$ cat structure_4.tsv   # TSV, C-alpha atoms
chain	number	residue	atom	x	y	z
A	1	MET	CA	3.98	-25.50	-21.62
A	2	SER	CA	1.95	-23.43	-23.98
A	3	MET	CA	1.03	-19.78	-23.93
A	4	TYR	CA	-2.43	-20.60	-22.62
A	5	ASP	CA	-1.01	-22.39	-19.57
A	6	VAL	CA	1.10	-19.35	-18.70
A	7	LEU	CA	-1.97	-17.13	-18.94
A	8	GLN	CA	-3.93	-19.49	-16.73
A	9	THR	CA	-1.35	-19.96	-13.96
A	10	LEU	CA	-0.08	-16.36	-13.69
A	11	PRO	CA	-3.01	-15.05	-11.52
A	12	TYR	CA	-2.50	-17.88	-9.02
A	13	ILE	CA	1.23	-17.10	-8.66
A	14	THR	CA	0.36	-13.41	-8.24
A	15	LEU	CA	-2.22	-14.33	-5.59
A	16	ILE	CA	0.39	-16.26	-3.57
A	17	ILE	CA	2.90	-13.37	-3.88
A	18	HIS	CA	0.32	-10.83	-2.66
A	19	ILE	CA	-0.70	-13.01	0.30
A	20	VAL	CA	2.99	-13.14	1.33
A	21	LEU	CA	3.15	-9.33	0.99
A	22	VAL	CA	0.05	-8.96	3.22
A	23	ALA	CA	1.74	-11.20	5.81
A	24	VAL	CA	4.86	-9.00	5.81
A	25	ALA	CA	2.75	-5.83	6.21
A	26	VAL	CA	0.75	-7.32	9.11
A	27	TRP	CA	4.04	-8.37	10.73
A	28	ARG	CA	5.16	-4.74	10.57
A	29	VAL	CA	1.90	-3.66	12.27
A	30	TRP	CA	2.75	-6.01	15.13
A	31	ARG	CA	6.48	-5.15	15.34
A	32	GLY	CA	6.79	-1.54	14.21
A	33	GLU	CA	9.30	1.05	15.31
A	34	ASN	CA	6.87	3.85	16.22
A	35	VAL	CA	3.21	4.76	15.90
A	36	ILE	CA	3.44	6.33	12.43
A	37	ASP	CA	5.30	3.26	11.18
A	38	ARG	CA	2.44	1.06	12.35
A	39	LEU	CA	-0.10	3.41	10.79
A	40	ILE	CA	1.71	3.13	7.43
A	41	ALA	CA	1.63	-0.65	7.83
A	42	VAL	CA	-2.15	-0.60	8.48
A	43	ASP	CA	-2.69	1.47	5.33
A	44	LEU	CA	-0.38	-0.79	3.32
A	45	SER	CA	-2.02	-4.03	4.49
A	46	SER	CA	-5.46	-2.61	3.64
A	47	THR	CA	-4.25	-1.71	0.14
A	48	LEU	CA	-2.62	-5.12	-0.38
A	49	PHE	CA	-5.76	-6.93	0.76
A	50	LEU	CA	-7.62	-4.85	-1.83
A	51	ALA	CA	-5.12	-6.15	-4.39
A	52	VAL	CA	-5.84	-9.74	-3.25
A	53	THR	CA	-9.56	-9.11	-3.80
A	54	VAL	CA	-8.91	-7.79	-7.32
A	55	ILE	CA	-6.83	-10.89	-8.14
A	56	ILE	CA	-9.68	-13.12	-6.91
A	57	ALA	CA	-11.94	-11.16	-9.27
A	58	ILE	CA	-9.50	-11.88	-12.13
A	59	ILE	CA	-9.39	-15.61	-11.30
A	60	SER	CA	-13.11	-16.15	-10.82
A	61	GLY	CA	-14.30	-13.69	-13.47
A	62	ASP	CA	-16.99	-12.45	-11.08
A	63	SER	CA	-17.49	-8.70	-10.76
A	64	ILE	CA	-18.90	-8.89	-7.21
A	65	TYR	CA	-15.30	-8.85	-5.88
A	66	ILE	CA	-14.77	-5.41	-7.47
A	67	ASP	CA	-17.63	-4.17	-5.26
A	68	ILE	CA	-15.86	-5.57	-2.20
A	69	ALA	CA	-12.65	-3.82	-3.28
A	70	LEU	CA	-14.54	-0.53	-3.72
A	71	VAL	CA	-15.90	-0.66	-0.16
A	72	LEU	CA	-12.46	-1.65	1.19
A	73	ALA	CA	-10.80	1.29	-0.58
A	74	ALA	CA	-13.29	3.80	0.82
A	75	LEU	CA	-13.13	2.43	4.38
A	76	GLY	CA	-9.33	2.18	4.33
A	77	PHE	CA	-8.95	5.79	3.19
A	78	ILE	CA	-11.34	7.11	5.85
A	79	SER	CA	-9.75	5.07	8.64
A	80	THR	CA	-6.23	6.19	7.66
A	81	VAL	CA	-7.19	9.88	7.64
A	82	ALA	CA	-9.11	9.53	10.94
A	83	LEU	CA	-6.25	7.71	12.67
A	84	SER	CA	-3.64	10.25	11.53
A	85	LYS	CA	-5.91	13.07	12.80
A	86	TYR	CA	-6.27	11.20	16.10
A	87	ILE	CA	-2.51	10.75	16.46
A	88	THR	CA	-1.92	14.45	15.81
A	89	THR	CA	-4.51	15.98	18.13
A	90	GLU	CA	-4.97	13.03	20.56
A	91	LYS	CA	-8.74	13.44	20.48
A	92	MET	CA	-11.19	12.02	18.01
A	93	PHE	CA	-13.77	14.78	17.51
B	1	MET	CA	-7.66	-9.93	-31.00
B	2	THR	CA	-8.32	-11.72	-27.73
B	3	ILE	CA	-4.74	-13.00	-27.55
B	4	VAL	CA	-3.52	-9.38	-27.76
B	5	LEU	CA	-5.80	-8.43	-24.89
B	6	GLU	CA	-4.62	-11.40	-22.83
B	7	ILE	CA	-0.95	-10.58	-23.40
B	8	ALA	CA	-1.65	-6.96	-22.39
B	9	ALA	CA	-3.42	-8.23	-19.25
B	10	MET	CA	-0.43	-10.49	-18.45
B	11	LEU	CA	1.98	-7.56	-18.80
B	12	ALA	CA	-0.23	-5.40	-16.56
B	13	ILE	CA	-0.32	-8.13	-13.88
B	14	LEU	CA	3.47	-8.52	-14.02
B	15	ILE	CA	4.21	-4.79	-13.81
B	16	GLY	CA	1.67	-4.24	-11.01
B	17	THR	CA	3.11	-7.12	-8.97
B	18	ALA	CA	6.62	-5.74	-9.52
B	19	PHE	CA	5.48	-2.33	-8.20
B	20	SER	CA	3.92	-3.97	-5.11
B	21	ILE	CA	7.04	-6.01	-4.36
B	22	ILE	CA	9.36	-3.00	-4.82
B	23	GLY	CA	7.11	-0.89	-2.59
B	24	LEU	CA	7.17	-3.44	0.20
B	25	ILE	CA	10.94	-3.95	-0.06
B	26	GLY	CA	11.32	-0.17	0.19
B	27	TYR	CA	9.00	-0.11	3.20
B	28	VAL	CA	11.05	-2.72	5.05
B	29	ARG	CA	14.52	-1.45	4.10
B	30	LEU	CA	14.36	2.37	4.07
B	31	PRO	CA	15.61	4.19	7.19
B	32	ASP	CA	12.86	6.58	8.39
B	33	VAL	CA	9.12	7.27	8.21
B	34	TYR	CA	9.12	9.82	5.39
B	35	THR	CA	11.10	7.72	2.91
B	36	ARG	CA	9.00	4.65	3.80
B	37	LEU	CA	5.89	6.69	2.99
B	38	HIS	CA	7.42	7.54	-0.36
B	39	ALA	CA	7.85	3.82	-1.07
B	40	THR	CA	4.38	2.70	0.02
B	41	GLY	CA	2.62	5.33	-2.08
B	42	LYS	CA	3.56	3.34	-5.18
B	43	VAL	CA	1.67	0.24	-4.02
B	44	GLY	CA	-1.69	1.98	-3.82
B	45	VAL	CA	-1.46	3.94	-7.06
B	46	TYR	CA	0.51	1.78	-9.51
B	47	GLY	CA	0.17	-1.78	-8.18
B	48	VAL	CA	-3.57	-2.01	-7.61
B	49	VAL	CA	-4.47	0.19	-10.59
B	50	LEU	CA	-2.49	-2.03	-12.99
B	51	LEU	CA	-4.16	-5.12	-11.51
B	52	LEU	CA	-7.55	-3.47	-12.13
B	53	VAL	CA	-6.54	-2.72	-15.74
B	54	ALA	CA	-5.66	-6.40	-16.11
B	55	ALA	CA	-9.03	-7.38	-14.64
B	56	VAL	CA	-10.86	-5.18	-17.14
B	57	LEU	CA	-8.79	-6.49	-20.08
B	58	GLN	CA	-8.87	-10.19	-19.29
B	59	THR	CA	-12.37	-10.92	-18.05
B	60	PRO	CA	-15.75	-9.47	-19.03
B	61	LEU	CA	-16.21	-7.54	-15.81
B	62	ALA	CA	-18.28	-4.44	-15.26
B	63	TRP	CA	-15.67	-1.89	-16.35
B	64	GLY	CA	-17.59	1.05	-14.86
B	65	LYS	CA	-17.02	-0.16	-11.32
B	66	ALA	CA	-13.33	-0.71	-12.06
B	67	LEU	CA	-13.07	2.82	-13.47
B	68	ILE	CA	-14.70	4.26	-10.33
B	69	LEU	CA	-12.28	2.27	-8.17
B	70	ILE	CA	-9.28	3.49	-10.21
B	71	ILE	CA	-10.38	7.12	-9.81
B	72	LEU	CA	-11.00	6.61	-6.08
B	73	LEU	CA	-7.54	5.06	-5.58
B	74	MET	CA	-5.76	7.79	-7.56
B	75	VAL	CA	-7.51	10.51	-5.54
B	76	SER	CA	-7.35	8.95	-2.08
B	77	GLY	CA	-3.80	7.57	-2.14
B	78	PRO	CA	-1.90	10.91	-2.14
B	79	VAL	CA	-4.36	12.42	0.35
B	80	ALA	CA	-3.82	9.55	2.82
B	81	ALA	CA	-0.03	9.76	2.36
B	82	HIS	CA	-0.12	13.51	2.99
B	83	ALA	CA	-2.24	13.00	6.14
B	84	ILE	CA	0.22	10.43	7.52
B	85	ALA	CA	3.24	12.64	6.73
B	86	SER	CA	1.52	15.63	8.37
B	87	ALA	CA	0.85	13.57	11.52
B	88	ALA	CA	4.49	12.43	11.60
B	89	ALA	CA	5.74	16.01	11.28
B	90	ASN	CA	3.31	17.26	13.93
B	91	ILE	CA	4.41	14.76	16.58
B	92	GLY	CA	8.03	15.49	15.65
B	93	LEU	CA	9.41	12.25	14.26
B	94	PRO	CA	12.96	12.98	13.06
B	95	MET	CA	14.35	12.50	9.58
B	96	ASP	CA	17.30	10.17	9.15
B	97	ASN	CA	20.35	12.19	8.07
B	98	PRO	CA	18.51	15.26	6.70
B	99	VAL	CA	20.14	17.73	4.33
B	100	VAL	CA	17.67	20.53	5.12
B	101	ASP	CA	15.29	20.45	8.11
B	102	GLU	CA	13.06	23.46	7.66
B	103	LEU	CA	10.38	22.20	10.07
B	104	HIS	CA	12.94	21.82	12.94
B	105	LEU	CA	11.66	18.33	13.71
B	106	GLU	CA	14.35	17.62	16.29
B	107	GLU	CA	13.08	20.40	18.58
B	108	ILE	CA	9.34	19.57	18.61
B	109	ASN	CA	9.44	16.47	20.79
B	110	PRO	CA	12.85	15.71	22.32
B	111	GLU	CA	11.78	12.54	24.12
B	112	ILE	CA	10.83	10.72	20.93
B	113	ASN	CA	14.42	11.01	19.70
B	114	SER	CA	15.96	9.48	22.81
B	115	GLU	CA	17.52	6.03	22.89
B	116	SER	CA	14.91	4.55	25.23
B	117	HIS	CA	12.09	5.22	22.78
B	118	ASN	CA	13.70	3.34	19.92
B	119	MET	CA	13.10	-0.35	20.38
B	120	ALA	CA	15.72	-3.08	20.29
B	121	TYR	CA	14.16	-4.05	16.97
B	122	ASN	CA	16.24	-1.29	15.35
B	123	LYS	CA	19.48	-3.12	16.08
B	124	ASP	CA	18.17	-6.31	14.52
B	125	MET	CA	17.40	-4.51	11.28
B	126	ASP	CA	20.89	-3.04	10.92

$ encode --input "structure_4.tsv" --output "structure tokens"
Amino acid sequence: MSMYDVLQTLPYITLIIHIVLVAVAVWRVWRGENVIDRLIAVDLSSTLFLAVTVIIAIISGDSIYIDIALVLAALGFISTVALSKYITTEKMF
Amino acid sequence: MTIVLEIAAMLAILIGTAFSIIGLIGYVRLPDVYTRLHATGKVGVYGVVLLLVAAVLQTPLAWGKALILIILLMVSGPVAAHAIASAAANIGLPMDNPVVDELHLEEINPEINSESHNMAYNKDMD
């Protein structure tokens, strides 16, 4: 197995590892201890799905997936801040 | 020159994946909300940013978009973590075995600390 094979197969192994990590985070959204724990799991699964999108961009060499990751980062940040505000004050606006 | 860039990209992918795995292990294993938040902050800042560095090094992507995404992640990650920690302190979630409790979290919401609120899931984890 040459150096080139290692460089080619490493993004696929990383993709499988990150999909397993997303599955664990979504499991903690379903079976969390309290509401803040589930909110952390939502934020974490959003971030890990962003990582999956970046790895797909590495594999395919197509920069359109970076755009998808940019939109996901912005929406995940806004939804996390809005949900933590909603949990604190128990009203949205 | 390209082999140097590819080895640097491989190292960035490995270190970023290691940060993500360590962050998720810390999220599952640590005892309370505040320490879990400390563990998950590393996934957003170090894990994804190192993967983006690898993407810029390895493939001819548009590096401007990756730079904007890196700046956005490094700004928004600590702000989101601070918002979640502020919400947890405001509804009075307790710390596990605190040394100093200056916010008096135990007295804000007594019902959230009772045994009936903690699910049976807690016993499975221990």

$ closest_residue --input "structure_4.tsv" --among "B:Asn90, B:Ser20, B:Thr59, B:Thr40" --to "Glu106 in chain B" --atoms "only C-alpha atoms"
B:Asn90

$ residues_around --input "structure_4.tsv" --residues "Leu15 in chain A" --least-positions-apart "3" --cutoff "12 Å" --atoms "all atoms listed in the file" --output "PyMOL selection string"
(chain A and resi 9-12+18-22+48-59) or (chain B and resi 13-14+17+51)

$ interface_residues --input "structure_4.tsv" --of "chain B" --to "chain A" --cutoff "7 Å" --atoms "only C-alpha atoms" --output "list of chain:residue names"
B:Met10, B:Thr17, B:Val33, B:Thr40, B:Gly44, B:Val48, B:Leu51, B:Leu52, B:Ala55, B:Thr59, B:Leu61, B:Ala62, B:Lys65, B:Ala66, B:Leu69, B:Ser76, B:Ala80, B:Ala83, B:Ile84, B:Ala87, B:Ala88, B:Asn90, B:Ile91, B:Asn118, B:Met119

$ atom_distance --input "structure_4.tsv" --atom1 "CA of Leu50 in chain B" --atom2 "CA of Ile13 in chain A"
16.1 Å

$ closest_residue --input "structure_4.tsv" --among "B:Pro31, B:Gly64, B:Gly77, B:Gly92" --to "His104 in chain B" --atoms "all atoms listed in the file"
B:Gly92

$ closest_residue --input "structure_4.tsv" --among "B:Pro94, B:Leu24, B:Val43, B:Ala89" --to "Ala23 in chain A" --atoms "all atoms listed in the file"
B:Leu24

$ atom_distance --input "structure_4.tsv" --atom1 "CA of Tyr46 in chain B" --atom2 "CA of Thr2 in chain B"
24.3 Å

$ atom_distance --input "structure_4.tsv" --atom1 "CA of Val99 in chain B" --atom2 "CA of Leu30 in chain B"
16.4 Å

$ residues_around --input "structure_4.tsv" --residues "Asp32 in chain B" --least-positions-apart "4" --cutoff "8 Å" --atoms "all atoms listed in the file" --output "list in words"
Arg36, Pro94, Met95 and Asp96 of chain B

$ residues_around --input "structure_4.tsv" --residues "His38 in chain B" --least-positions-apart "2" --cutoff "9 Å" --atoms "all atoms listed in the file" --output "ChimeraX atom specification"
/B:23,26-27,33-36,40-42,81
